[in-house]
file entry.cif (mmCIF, C-alpha atoms and all ligand atoms)
data_coords
loop_
_atom_site.label_atom_id
_atom_site.label_comp_id
_atom_site.auth_asym_id
_atom_site.auth_seq_id
_atom_site.Cartn_x
_atom_site.Cartn_y
_atom_site.Cartn_z
CA MET A 205 57.27 85.45 98.82
CA LYS A 206 59.30 88.48 99.83
CA SER A 207 62.49 87.03 98.33
CA GLU A 208 60.92 86.58 94.90
CA GLU A 209 59.44 90.08 94.82
CA LEU A 210 62.74 91.66 95.82
CA PHE A 211 64.67 89.61 93.29
CA LYS A 212 62.32 90.71 90.50
CA GLU A 213 63.17 94.30 91.37
CA ALA A 214 66.86 93.49 91.62
CA LEU A 215 66.77 92.01 88.11
CA ASN A 216 65.80 95.43 86.78
CA LEU A 217 68.65 97.09 88.60
CA PHE A 218 71.69 94.82 88.46
CA PRO A 219 72.87 92.32 85.82
CA MET A 220 71.21 89.03 86.88
CA GLY A 221 70.10 90.85 90.01
CA VAL A 222 73.49 90.79 91.75
CA ASN A 223 76.49 93.00 92.42
CA SER A 224 79.08 90.23 92.10
CA PRO A 225 78.64 87.23 89.79
CA VAL A 226 78.93 84.19 92.10
CA ARG A 227 76.11 85.60 94.22
CA TYR A 228 73.74 84.59 91.43
CA TYR A 229 72.36 81.05 91.25
CA SER A 230 69.12 79.70 89.89
CA PRO A 231 66.28 80.05 90.32
CA ILE A 232 66.48 82.82 92.92
CA PRO A 233 69.43 83.53 95.20
CA VAL A 234 68.46 83.64 98.86
CA MET A 235 68.37 87.18 100.21
CA PHE A 236 69.84 87.48 103.67
CA LYS A 237 68.89 90.25 106.03
CA SER A 238 70.86 89.56 109.19
CA GLY A 239 73.41 87.37 110.85
CA LYS A 240 74.51 86.45 114.36
CA GLY A 241 77.37 84.13 115.21
CA SER A 242 77.38 81.15 112.84
CA LYS A 243 73.85 81.82 111.54
CA ILE A 244 72.38 84.02 108.83
CA ILE A 245 68.69 84.81 108.41
CA ASP A 246 66.90 85.35 105.10
CA VAL A 247 64.17 87.88 104.31
CA ASN A 248 61.56 85.20 104.99
CA ASP A 249 63.01 84.64 108.49
CA LYS A 250 64.53 81.26 107.74
CA GLU A 251 67.82 80.53 109.56
CA TYR A 252 70.90 78.95 107.97
CA ILE A 253 74.24 77.77 109.34
CA ASP A 254 76.73 79.79 107.32
CA TYR A 255 79.78 78.13 105.75
CA SER A 256 80.38 80.91 103.24
CA LEU A 257 81.11 83.64 105.80
CA GLY A 258 80.70 86.38 103.19
CA PHE A 259 83.12 84.42 100.95
CA GLY A 260 85.64 84.22 103.74
CA PRO A 261 86.06 87.33 105.89
CA MET A 262 83.69 86.58 108.80
CA ILE A 263 86.02 84.20 110.67
CA LEU A 264 84.64 85.40 114.04
CA GLY A 265 81.04 84.89 112.91
CA HIS A 266 78.46 87.60 112.33
CA ALA A 267 77.70 90.66 114.43
CA ASN A 268 80.42 90.10 117.02
CA GLU A 269 79.61 92.42 119.91
CA GLU A 270 83.14 93.57 120.67
CA ILE A 271 83.65 94.48 117.03
CA ILE A 272 80.32 96.31 116.82
CA LYS A 273 81.32 98.40 119.81
CA LYS A 274 84.64 99.42 118.23
CA MET A 275 82.86 100.21 114.96
CA ASN A 276 80.31 102.36 116.74
CA ASP A 277 83.05 104.23 118.62
CA GLN A 278 84.66 105.05 115.29
CA ILE A 279 81.38 106.01 113.60
CA GLU A 280 80.63 108.47 116.36
CA ASN A 281 84.03 110.07 115.83
CA GLY A 282 83.87 110.37 112.04
CA ILE A 283 84.67 107.86 109.34
CA LEU A 284 86.77 109.61 106.73
CA PHE A 285 89.36 112.36 106.95
CA GLY A 286 91.56 111.76 103.93
CA SER A 287 94.71 111.96 106.02
CA ILE A 288 96.95 109.62 107.95
CA THR A 289 95.25 108.40 111.13
CA GLU A 290 96.37 106.71 114.33
CA ASN A 291 94.31 103.64 113.37
CA GLU A 292 96.43 103.03 110.27
CA VAL A 293 99.65 103.19 112.29
CA GLN A 294 98.28 100.84 114.92
CA PHE A 295 96.99 98.37 112.32
CA GLY A 296 100.17 98.56 110.24
CA LYS A 297 102.20 97.59 113.32
CA ILE A 298 99.95 94.58 113.98
CA ILE A 299 100.50 93.32 110.42
CA LYS A 300 104.24 94.00 110.42
CA ASN A 301 104.72 92.19 113.73
CA ALA A 302 102.75 89.18 112.53
CA VAL A 303 104.08 88.70 108.97
CA LYS A 304 107.86 88.37 108.68
CA SER A 305 108.16 89.33 104.99
CA ILE A 306 106.22 92.59 105.39
CA GLU A 307 108.34 95.55 106.45
CA MET A 308 106.11 98.17 104.80
CA MET A 309 102.64 98.01 103.33
CA ARG A 310 99.84 99.98 101.73
CA PHE A 311 96.21 99.42 102.67
CA THR A 312 93.71 99.25 99.81
CA ASN A 313 89.93 98.76 99.66
CA SER A 314 89.83 95.25 98.20
CA GLY A 315 91.92 92.25 97.32
CA THR A 316 91.51 93.18 93.66
CA GLU A 317 93.23 96.51 94.23
CA ALA A 318 95.94 94.86 96.32
CA THR A 319 96.96 92.37 93.61
CA MET A 320 96.68 94.99 90.85
CA HIS A 321 99.09 97.27 92.69
CA ALA A 322 101.35 94.37 93.66
CA MET A 323 101.72 93.40 90.00
CA ARG A 324 102.44 97.00 88.99
CA LEU A 325 105.00 97.29 91.79
CA ALA A 326 106.73 94.07 90.66
CA ARG A 327 106.87 95.36 87.09
CA GLY A 328 108.14 98.77 88.19
CA TYR A 329 110.75 97.31 90.53
CA THR A 330 112.15 94.72 88.10
CA LYS A 331 111.64 96.81 84.94
CA ARG A 332 110.20 93.68 83.36
CA ASN A 333 106.78 93.14 81.78
CA LEU A 334 105.57 89.59 82.24
CA ILE A 335 103.52 88.25 85.12
CA LEU A 336 103.30 84.48 85.54
CA LYS A 337 100.02 83.43 87.10
CA MET A 338 98.56 79.98 87.64
CA GLU A 339 95.70 78.47 85.69
CA GLY A 340 92.64 78.70 87.93
CA GLY A 341 94.30 81.13 90.32
CA TYR A 342 92.04 84.08 91.15
CA HIS A 343 93.43 87.44 92.13
CA GLY A 344 90.39 89.66 91.76
CA ALA A 345 88.64 91.22 88.81
CA HIS A 346 91.22 93.48 87.17
CA ASP A 347 92.55 92.94 83.64
CA TYR A 348 95.83 91.24 84.57
CA SER A 349 94.06 88.75 86.79
CA LEU A 350 91.21 87.72 84.49
CA ILE A 351 93.22 85.35 82.38
CA LYS A 352 92.50 81.65 82.96
CA SER A 353 91.10 82.71 86.27
CA GLY A 354 89.08 80.90 88.97
CA SER A 355 86.06 81.80 91.14
CA GLY A 356 83.09 83.26 89.20
CA THR A 357 84.89 82.97 85.88
CA MET A 358 84.82 79.19 86.33
CA THR A 359 81.30 79.05 87.68
CA PHE A 360 80.09 80.70 84.50
CA GLU A 361 82.47 78.71 82.26
CA LYS A 362 84.34 81.67 80.92
CA PRO A 363 87.87 81.49 82.26
CA SER A 364 88.78 84.83 80.72
CA SER A 365 86.86 88.04 80.31
CA ASP A 366 85.74 89.91 77.21
CA GLY A 367 87.02 93.45 77.32
CA VAL A 368 90.56 92.49 78.34
CA PRO A 369 92.66 93.73 75.41
CA GLU A 370 94.87 91.14 73.73
CA GLU A 371 97.85 93.40 74.40
CA ILE A 372 97.23 92.92 78.12
CA SER A 373 96.74 89.17 77.98
CA LYS A 374 100.08 88.98 76.17
CA THR A 375 101.77 90.35 79.27
CA VAL A 376 100.50 87.49 81.43
CA VAL A 377 101.86 83.98 81.07
CA VAL A 378 99.76 81.18 82.52
CA GLY A 379 101.42 78.25 84.29
CA LYS A 380 100.16 75.12 86.01
CA TYR A 381 99.87 75.03 89.80
CA ASN A 382 101.66 72.01 91.32
CA ASP A 383 103.51 71.31 88.05
CA LYS A 384 107.19 72.14 88.48
CA GLU A 385 108.17 70.97 85.00
CA ASN A 386 105.64 73.29 83.41
CA ILE A 387 106.92 76.27 85.42
CA GLU A 388 110.55 75.37 84.70
CA ASN A 389 109.78 75.32 80.94
CA ILE A 390 108.04 78.68 81.08
CA PHE A 391 111.04 80.19 82.87
CA LYS A 392 113.42 78.69 80.29
CA LYS A 393 111.45 80.45 77.57
CA TYR A 394 110.53 83.77 79.21
CA GLY A 395 112.46 83.85 82.50
CA ASN A 396 114.47 87.00 81.83
CA ASN A 397 111.32 88.99 81.22
CA ILE A 398 109.23 87.64 84.12
CA ALA A 399 108.68 90.40 86.68
CA ALA A 400 106.86 88.15 89.11
CA VAL A 401 105.08 84.90 89.74
CA ILE A 402 101.78 85.42 91.53
CA THR A 403 99.98 82.54 93.17
CA GLU A 404 97.50 81.74 95.88
CA PRO A 405 99.73 79.56 98.08
CA ILE A 406 96.73 77.29 98.72
CA PHE A 407 94.21 77.44 95.91
CA GLY A 408 90.81 78.57 97.15
CA ASN A 409 89.02 79.73 94.03
CA ILE A 410 88.51 76.47 92.20
CA GLY A 411 87.55 74.75 95.42
CA VAL A 412 90.45 73.97 97.78
CA ILE A 413 93.72 72.62 96.42
CA ASN A 414 96.82 72.15 98.56
CA PRO A 415 100.35 72.69 97.26
CA GLU A 416 102.17 69.42 96.54
CA ASN A 417 105.77 68.23 96.14
CA ASP A 418 107.37 71.35 97.55
CA PHE A 419 105.78 73.45 94.81
CA LEU A 420 106.02 76.68 96.83
CA PRO A 421 109.71 76.32 97.87
CA PHE A 422 110.34 75.51 94.19
CA LEU A 423 108.66 78.79 93.17
CA ARG A 424 110.90 80.61 95.66
CA GLU A 425 113.99 78.97 94.21
CA ILE A 426 113.18 79.52 90.54
CA THR A 427 112.15 83.16 91.00
CA ASP A 428 115.44 83.79 92.83
CA ARG A 429 117.36 82.03 90.07
CA TYR A 430 115.86 84.35 87.42
CA SER A 431 115.77 87.49 89.62
CA SER A 432 111.97 87.59 89.40
CA LEU A 433 109.76 88.42 92.37
CA LEU A 434 107.43 86.00 94.13
CA ILE A 435 103.98 87.29 95.11
CA PHE A 436 101.86 85.24 97.49
CA ASP A 437 98.24 86.25 97.25
CA GLU A 438 97.12 85.56 100.82
CA VAL A 439 93.75 87.28 100.48
CA ILE A 440 92.11 84.03 101.56
CA THR A 441 94.88 82.36 103.58
CA GLY A 442 96.16 85.33 105.62
CA PHE A 443 95.32 84.91 109.33
CA ARG A 444 93.02 81.97 108.51
CA PHE A 445 95.09 79.09 109.91
CA GLY A 446 96.86 80.86 112.73
CA PHE A 447 97.61 84.43 113.77
CA LYS A 448 100.00 84.72 110.86
CA ALA A 449 100.25 84.38 107.12
CA TYR A 450 100.43 80.93 105.54
CA GLN A 451 103.97 81.76 104.32
CA ASP A 452 105.17 81.77 107.94
CA ILE A 453 103.58 78.38 108.57
CA ILE A 454 105.49 76.80 105.67
CA ASN A 455 108.53 79.07 105.96
CA VAL A 456 108.60 80.26 102.37
CA LYS A 457 109.18 83.99 102.19
CA PRO A 458 107.64 85.78 99.21
CA ASP A 459 108.85 89.19 98.05
CA ILE A 460 105.38 90.72 97.99
CA THR A 461 102.27 89.63 99.92
CA THR A 462 98.67 90.59 99.29
CA MET A 463 95.91 90.25 101.86
CA GLY A 464 92.24 91.13 102.30
CA LYS A 465 89.07 89.45 103.58
CA ILE A 466 89.75 88.45 107.26
CA ILE A 467 91.94 91.44 108.11
CA GLY A 468 89.02 93.85 107.56
CA GLY A 469 86.60 91.89 109.76
CA GLY A 470 83.91 92.28 107.07
CA MET A 471 84.67 95.87 106.05
CA PRO A 472 86.18 96.55 102.61
CA ILE A 473 89.94 96.09 102.78
CA GLY A 474 93.07 94.86 101.08
CA LEU A 475 96.78 95.34 101.52
CA PHE A 476 100.02 94.70 99.74
CA GLY A 477 103.31 94.63 101.56
CA ALA A 478 106.95 93.75 101.07
CA ARG A 479 110.42 94.57 102.33
CA GLU A 480 111.23 98.26 102.52
CA GLU A 481 113.57 98.25 99.53
CA ILE A 482 110.67 97.16 97.29
CA MET A 483 107.91 99.25 98.91
CA LYS A 484 109.95 102.46 98.60
CA ASN A 485 109.20 102.31 94.87
CA ILE A 486 105.60 103.27 95.60
CA SER A 487 104.64 106.91 95.14
CA PRO A 488 105.41 109.46 96.45
CA SER A 489 108.80 107.99 97.50
CA GLY A 490 109.03 106.10 94.19
CA ASP A 491 107.64 106.13 90.68
CA VAL A 492 105.07 103.33 90.91
CA TYR A 493 101.72 105.06 91.33
CA GLU A 494 99.11 103.81 93.80
CA ALA A 495 96.26 105.69 95.47
CA GLY A 496 92.73 105.46 96.88
CA THR A 497 90.26 107.90 98.46
CA PHE A 498 89.07 105.24 100.89
CA SER A 499 92.39 103.44 101.42
CA GLY A 500 93.15 102.95 105.12
CA ASN A 501 89.80 104.52 106.02
CA PRO A 502 89.19 104.79 109.77
CA LEU A 503 86.19 102.45 109.85
CA SER A 504 87.88 99.58 108.00
CA MET A 505 90.95 100.12 110.17
CA ALA A 506 88.96 100.14 113.43
CA THR A 507 87.08 96.98 112.42
CA GLY A 508 90.31 95.35 111.31
CA ILE A 509 92.15 96.20 114.53
CA ALA A 510 89.24 94.90 116.64
CA THR A 511 89.16 91.67 114.61
CA MET A 512 92.90 91.15 114.88
CA ASN A 513 92.89 91.80 118.62
CA ILE A 514 90.29 89.08 119.13
CA LEU A 515 91.93 86.66 116.69
CA LYS A 516 95.26 87.01 118.48
CA GLY A 517 93.81 85.30 121.53
CA LYS A 518 92.12 82.49 119.62
CA ASN A 519 93.25 78.91 119.43
CA TYR A 520 93.03 78.13 115.73
CA ASP A 521 93.02 74.39 116.47
CA TYR A 522 89.32 74.89 117.16
CA ILE A 523 88.33 75.78 113.59
CA ASN A 524 90.93 73.51 112.03
CA ASN A 525 89.56 70.55 114.04
CA TYR A 526 85.97 71.42 113.21
CA ALA A 527 86.85 71.25 109.50
CA ARG A 528 88.77 68.02 110.06
CA ARG A 529 85.69 66.47 111.68
CA ILE A 530 83.51 67.54 108.74
CA GLU A 531 86.06 66.09 106.33
CA LYS A 532 86.12 62.78 108.17
CA SER A 533 82.35 62.48 108.40
CA LEU A 534 81.94 63.42 104.73
CA ASN A 535 84.52 60.82 103.74
CA ASP A 536 82.60 58.19 105.75
CA ILE A 537 79.39 59.09 103.90
CA ILE A 538 81.17 59.11 100.52
CA ASN A 539 82.62 55.65 101.23
CA ASP A 540 79.35 54.23 102.59
CA TYR A 541 77.41 55.32 99.51
CA LYS A 542 80.29 54.76 97.07
CA LEU A 543 79.94 58.28 95.71
CA LYS A 544 82.32 59.63 93.09
CA ALA A 545 83.40 62.50 95.28
CA PHE A 546 86.46 63.73 97.16
CA VAL A 547 86.90 66.15 100.00
CA ASN A 548 89.82 68.56 99.87
CA ARG A 549 90.73 70.37 103.05
CA ALA A 550 93.38 72.87 104.09
CA TYR A 551 93.13 73.59 107.81
CA SER A 552 89.71 75.28 108.22
CA MET A 553 88.85 75.48 104.49
CA LEU A 554 87.24 72.62 102.64
CA GLN A 555 85.30 71.64 99.56
CA VAL A 556 83.55 68.51 98.23
CA PHE A 557 84.40 67.82 94.60
CA PHE A 558 82.10 65.61 92.56
CA ASN A 559 84.85 64.08 90.53
CA ASP A 560 86.29 60.63 89.64
CA LYS A 561 89.74 61.82 90.58
CA LYS A 562 91.33 63.51 93.56
CA VAL A 563 91.56 67.17 92.56
CA ASN A 564 95.08 68.61 92.58
CA ASN A 565 94.98 71.12 89.75
CA TYR A 566 92.75 73.23 87.53
CA GLY A 567 92.55 70.58 84.78
CA VAL A 568 91.02 68.01 87.14
CA ALA A 569 88.89 70.55 89.04
CA LYS A 570 87.12 71.82 85.95
CA ASN A 571 85.89 68.31 85.09
CA SER A 572 83.91 68.14 88.33
CA ASP A 573 80.19 67.41 88.08
CA THR A 574 78.76 70.87 88.70
CA ASN A 575 75.17 69.59 88.33
CA LYS A 576 75.67 67.26 91.27
CA PHE A 577 77.20 70.07 93.27
CA LYS A 578 74.17 72.26 92.50
CA THR A 579 71.82 69.50 93.62
CA MET A 580 73.77 69.18 96.86
CA PHE A 581 73.78 72.96 97.32
CA ASP A 582 70.00 73.27 96.74
CA ARG A 583 69.16 70.46 99.14
CA LEU A 584 71.53 71.69 101.84
CA LEU A 585 70.00 75.14 101.48
CA ASN A 586 66.58 73.66 101.93
CA LYS A 587 67.79 72.09 105.18
CA GLY A 588 69.21 75.37 106.46
CA ILE A 589 72.87 74.82 105.59
CA TYR A 590 74.42 77.57 103.49
CA VAL A 591 77.62 76.63 101.64
CA PRO A 592 79.02 78.88 98.89
CA PRO A 593 76.85 78.40 95.79
CA SER A 594 79.54 77.02 93.47
CA GLN A 595 81.71 73.93 93.07
CA PHE A 596 84.58 76.37 92.54
CA GLU A 597 84.44 78.19 95.86
CA THR A 598 85.47 77.20 99.37
CA GLN A 599 83.65 76.45 102.59
CA PHE A 600 84.97 78.25 105.63
CA ILE A 601 84.63 77.62 109.37
CA SER A 602 84.27 80.40 111.93
CA PHE A 603 85.01 80.51 115.64
CA ALA A 604 81.25 80.85 116.16
CA HIS A 605 80.41 77.39 114.79
CA ASP A 606 79.67 74.95 117.63
CA ASP A 607 78.92 71.28 118.21
CA ASN A 608 75.23 71.82 117.64
CA ASP A 609 75.98 73.33 114.23
CA PHE A 610 78.27 70.41 113.47
CA GLN A 611 75.60 67.84 114.28
CA LYS A 612 72.91 69.63 112.25
CA THR A 613 75.31 70.04 109.35
CA MET A 614 76.29 66.39 109.26
CA ASP A 615 72.66 65.23 109.57
CA ALA A 616 71.84 67.42 106.56
CA TYR A 617 74.83 66.18 104.54
CA TYR A 618 73.92 62.60 105.39
CA SER A 619 70.39 62.81 104.04
CA VAL A 620 71.40 64.94 101.01
CA LEU A 621 74.33 62.82 99.90
CA LYS A 622 72.33 59.61 100.43
CA CYS A 623 70.08 60.68 97.55
CA LEU A 624 72.99 61.53 95.22
C1 LIG B 701 92.97 84.89 96.43
C2 LIG B 701 92.16 86.10 96.13
N1 LIG B 701 92.76 87.21 95.69
C3 LIG B 701 92.08 88.33 95.44
C4 LIG B 701 90.71 88.38 95.58
C5 LIG B 701 89.96 89.65 95.29
O1 LIG B 701 89.54 90.21 96.47
P1 LIG B 701 88.29 91.23 96.48
O2 LIG B 701 87.08 90.42 96.15
O3 LIG B 701 88.31 91.80 97.86
O4 LIG B 701 88.57 92.25 95.45
C6 LIG B 701 90.04 87.25 96.02
C7 LIG B 701 88.57 87.27 96.18
O5 LIG B 701 87.91 86.28 96.33
C8 LIG B 701 90.77 86.08 96.30
O6 LIG B 701 90.16 84.95 96.74
#
call {"tool": "encode", "arguments": {"input": "entry.cif", "output": "structure tokens"}}
result
Amino acid sequence: MKSEELFKEALNLFPMGVNSPVRYYSPIPVMFKSGKGSKIIDVNDKEYIDYSLGFGPMILGHANEEIIKKMNDQIENGILFGSITENEVQFGKIIKNAVKSIEMMRFTNSGTEATMHAMRLARGYTKRNLILKMEGGYHGAHDYSLIKSGSGTMTFEKPSSDGVPEEISKTVVVGKYNDKENIENIFKKYGNNIAAVITEPIFGNIGVINPENDFLPFLREITDRYSSLLIFDEVITGFRFGFKAYQDIINVKPDITTMGKIIGGGMPIGLFGAREEIMKNISPSGDVYEAGTFSGNPLSMATGIATMNILKGKNYDYINNYARRIEKSLNDIINDYKLKAFVNRAYSMLQVFFNDKKVNNYGVAKNSDTNKFKTMFDRLLNKGIYVPPSQFETQFISFAHDDNDFQKTMDAYYSVLKCL
């Protein structure tokens, strides 16, 4: 089979044959060669309904014609000049108009870069050292983020990374998402040295977990009380539930916001933004250094602008309802077969946890039955349904998914879960 031959070659080129860890799963990860709308096609010409969407960005589905046209226009006119371009200005205005807390921003090439710079900015602005992050929160693959992290670090049961010096891990305090008492105690102990709290407002890297008991307004209040900054990492949630950031849905205004994924329409992108008084500390107007050869590059900008212009006209109820229907049907199956499983959903993101308990934090999530998840994943794959290959990732819905996809998906789930 073509897939097996290619993977053998890949194994000699890349660690475990992949260029990002969660792309690996046994025995051989499927190799995709193309995509259109809600479907992706593998190298053996098998078609799958895609609920991974490239781990989140492809909210309009694959190979959207309007976006391709805008990309081609840009390609024909050159793709990198290393100077300010009109595209950046146009895109910056779209973001600023849509997200109330962002007065100024910097574009980066990934979410990892965005959170790395956001943390440095918070430290530079407050002249404090500590960052408080949440257990299981994932903010990319830089040193300050890889401490009790989610995503691939959980899939491979290593919630921290070798190679992160102890000196660095000592500058990051780890708190518990949805546990106000825990956060309050950490602030009592370290509050005057905490530069910022960083959190995904809705957890999406240990499966989906919603905030509970006003946890996010509480974070706003306690960071204000201790003059620390609040960073919302909206790399997953930005523009996913409406043409806005999640912060503007719940009305909790962070000091710094990071974004990525959707805003680039599938091209490499990230951004961090804040009010002007904070952003002015970035070089060259300030002393916090940040740079990137490809930052704000014309092709990512053109793709991003085209994506945002289409998203602006979309009714997000469509994808949110699609996910709600999946959730309901899955719950019916789980009840019918008395499975030890729960579905967590936030708008158009969802995940099935094989767990005795409803998952509301990292501690519960990590006890999920990953073998059962893998069995479900393998069997769904076999039936042409592609969900992200880990219990600790999130399924996403795109505007390209339709009723036919829904029916096929639920038929597949029904026969797969019946056997579990
Ligand atoms: C919440 C969050 N922050 C940051 C990142 C890192 O983004 P990137 O993979 O673009 O570096 C991710 C990636 O999954 C993420 O989910």
call {"tool": "closest_residue", "arguments": {"input": "entry.cif", "among": "A:Ala267, A:Val412, A:Val377, A:Val234", "to": "ligand LIG 701 (chain B)", "atoms": "only C-alpha atoms and all ligand atoms"}}
result
A:Val412
call {"tool": "closest_residue", "arguments": {"input": "entry.cif", "among": "A:Ile372, A:Ala345, A:Val303, A:Ile601", "to": "Asn333 in chain A", "atoms": "all atoms listed in the file"}}
result
A:Ile372
call {"tool": "atom_distance", "arguments": {"input": "entry.cif", "atom1": "CA of Asn389 in chain A", "atom2": "CA of Thr403 in chain A"}}
result
17.3 Å
call {"tool": "closest_residue", "arguments": {"input": "entry.cif", "among": "A:Met614, A:Val226, A:Met235, A:Ala604", "to": "ligand LIG 701 (chain B)", "atoms": "only C-alpha atoms and all ligand atoms"}}
result
A:Val226
call {"tool": "atom_distance", "arguments": {"input": "entry.cif", "atom1": "CA of Pro415 in chain A", "atom2": "CA of Asp383 in chain A"}}
result
9.8 Å
call {"tool": "residues_near_ligand", "arguments": {"input": "entry.cif", "ligand": "ligand LIG 701 (chain B)", "cutoff": "10 Å", "atoms": "all atoms listed in the file", "output": "PyMOL selection string"}}
result
chain A and resi 224+258-261+312-320+341-346+349+354-356+403-410+436-442+462-465+468+471-475+597-598
call {"tool": "closest_residue", "arguments": {"input": "entry.cif", "among": "A:Ile486, A:Leu423, A:Ile253, A:Ile306", "to": "Gly241 in chain A", "atoms": "all atoms listed in the file"}}
result
A:Ile253
call {"tool": "atom_distance", "arguments": {"input": "entry.cif", "atom1": "CA of Tyr520 in chain A", "atom2": "CA of Glu416 in chain A"}}
result
23.0 Å
call {"tool": "closest_residue", "arguments": {"input": "entry.cif", "among": "A:Ala400, A:Val222, A:Ile351, A:Ala527", "to": "Ala550 in chain A", "atoms": "all atoms listed in the file"}}
result
A:Ala527
call {"tool": "residues_near_point", "arguments": {"input": "entry.cif", "point": "(113.7, 92.8, 81.9)", "cutoff": "7 Å", "atoms": "all atoms listed in the file", "output": "tab-separated table (two decimals) with C-alpha atoms, keeping the file's coordinate frame"}}
result
chain	number	residue	atom	x	y	z
A	330	THR	CA	112.15	94.72	88.10
A	331	LYS	CA	111.64	96.81	84.94
A	332	ARG	CA	110.20	93.68	83.36
A	333	ASN	CA	106.78	93.14	81.78
A	396	ASN	CA	114.47	87.00	81.83
A	397	ASN	CA	111.32	88.99	81.22
call {"tool": "closest_residue", "arguments": {"input": "entry.cif", "among": "A:Lys612, A:Lys457, A:Arg444, A:Lys542", "to": "Asn524 in chain A", "atoms": "all atoms listed in the file"}}
result
A:Arg444
call {"tool": "build_atoms", "arguments": {"input": "entry.cif", "residues": "range 587-601 of chain A", "atoms": "N, CA and C atoms", "output": "mmCIF file, keeping the file's coordinate frame"}}
result
data_model
loop_
_atom_site.group_PDB
_atom_site.id
_atom_site.type_symbol
_atom_site.label_atom_id
_atom_site.label_comp_id
_atom_site.auth_asym_id
_atom_site.auth_seq_id
_atom_site.Cartn_x
_atom_site.Cartn_y
_atom_site.Cartn_z
ATOM 1 N N LYS A 587 67.682 72.576 103.798
ATOM 2 C CA LYS A 587 67.790 72.090 105.180
ATOM 3 C C LYS A 587 68.448 73.110 106.106
ATOM 4 N N GLY A 588 68.655 74.319 105.593
ATOM 5 C CA GLY A 588 69.210 75.370 106.460
ATOM 6 C C GLY A 588 70.716 75.333 106.610
ATOM 7 N N ILE A 589 71.395 74.788 105.580
ATOM 8 C CA ILE A 589 72.870 74.820 105.590
ATOM 9 C C ILE A 589 73.303 75.616 104.376
ATOM 10 N N TYR A 590 74.015 76.712 104.606
ATOM 11 C CA TYR A 590 74.420 77.570 103.490
ATOM 12 C C TYR A 590 75.912 77.393 103.221
ATOM 13 N N VAL A 591 76.226 76.705 102.100
ATOM 14 C CA VAL A 591 77.620 76.630 101.640
ATOM 15 C C VAL A 591 77.727 77.556 100.428
ATOM 16 N N PRO A 592 78.936 77.991 100.055
ATOM 17 C CA PRO A 592 79.020 78.880 98.890
ATOM 18 C C PRO A 592 78.390 78.200 97.666
ATOM 19 N N PRO A 593 77.701 78.984 96.832
ATOM 20 C CA PRO A 593 76.850 78.400 95.790
ATOM 21 C C PRO A 593 77.585 77.921 94.545
ATOM 22 N N SER A 594 78.824 77.487 94.660
ATOM 23 C CA SER A 594 79.540 77.020 93.470
ATOM 24 C C SER A 594 80.520 75.925 93.845
ATOM 25 N N GLN A 595 80.678 74.961 92.924
ATOM 26 C CA GLN A 595 81.710 73.930 93.070
ATOM 27 C C GLN A 595 83.091 74.564 93.205
ATOM 28 N N PHE A 596 83.245 75.769 92.624
ATOM 29 C CA PHE A 596 84.580 76.370 92.540
ATOM 30 C C PHE A 596 84.780 77.477 93.584
ATOM 31 N N GLU A 597 84.181 77.291 94.735
ATOM 32 C CA GLU A 597 84.440 78.190 95.860
ATOM 33 C C GLU A 597 84.829 77.304 97.042
ATOM 34 N N THR A 598 84.938 77.909 98.218
ATOM 35 C CA THR A 598 85.470 77.200 99.370
ATOM 36 C C THR A 598 84.567 77.389 100.574
ATOM 37 N N GLN A 599 84.410 76.327 101.333
ATOM 38 C CA GLN A 599 83.650 76.450 102.590
ATOM 39 C C GLN A 599 84.614 76.857 103.705
ATOM 40 N N PHE A 600 84.135 77.756 104.539
ATOM 41 C CA PHE A 600 84.970 78.250 105.630
ATOM 42 C C PHE A 600 84.308 77.975 106.979
ATOM 43 N N ILE A 601 85.142 77.818 108.003
ATOM 44 C CA ILE A 601 84.630 77.620 109.370
ATOM 45 C C ILE A 601 84.960 78.868 110.192
#
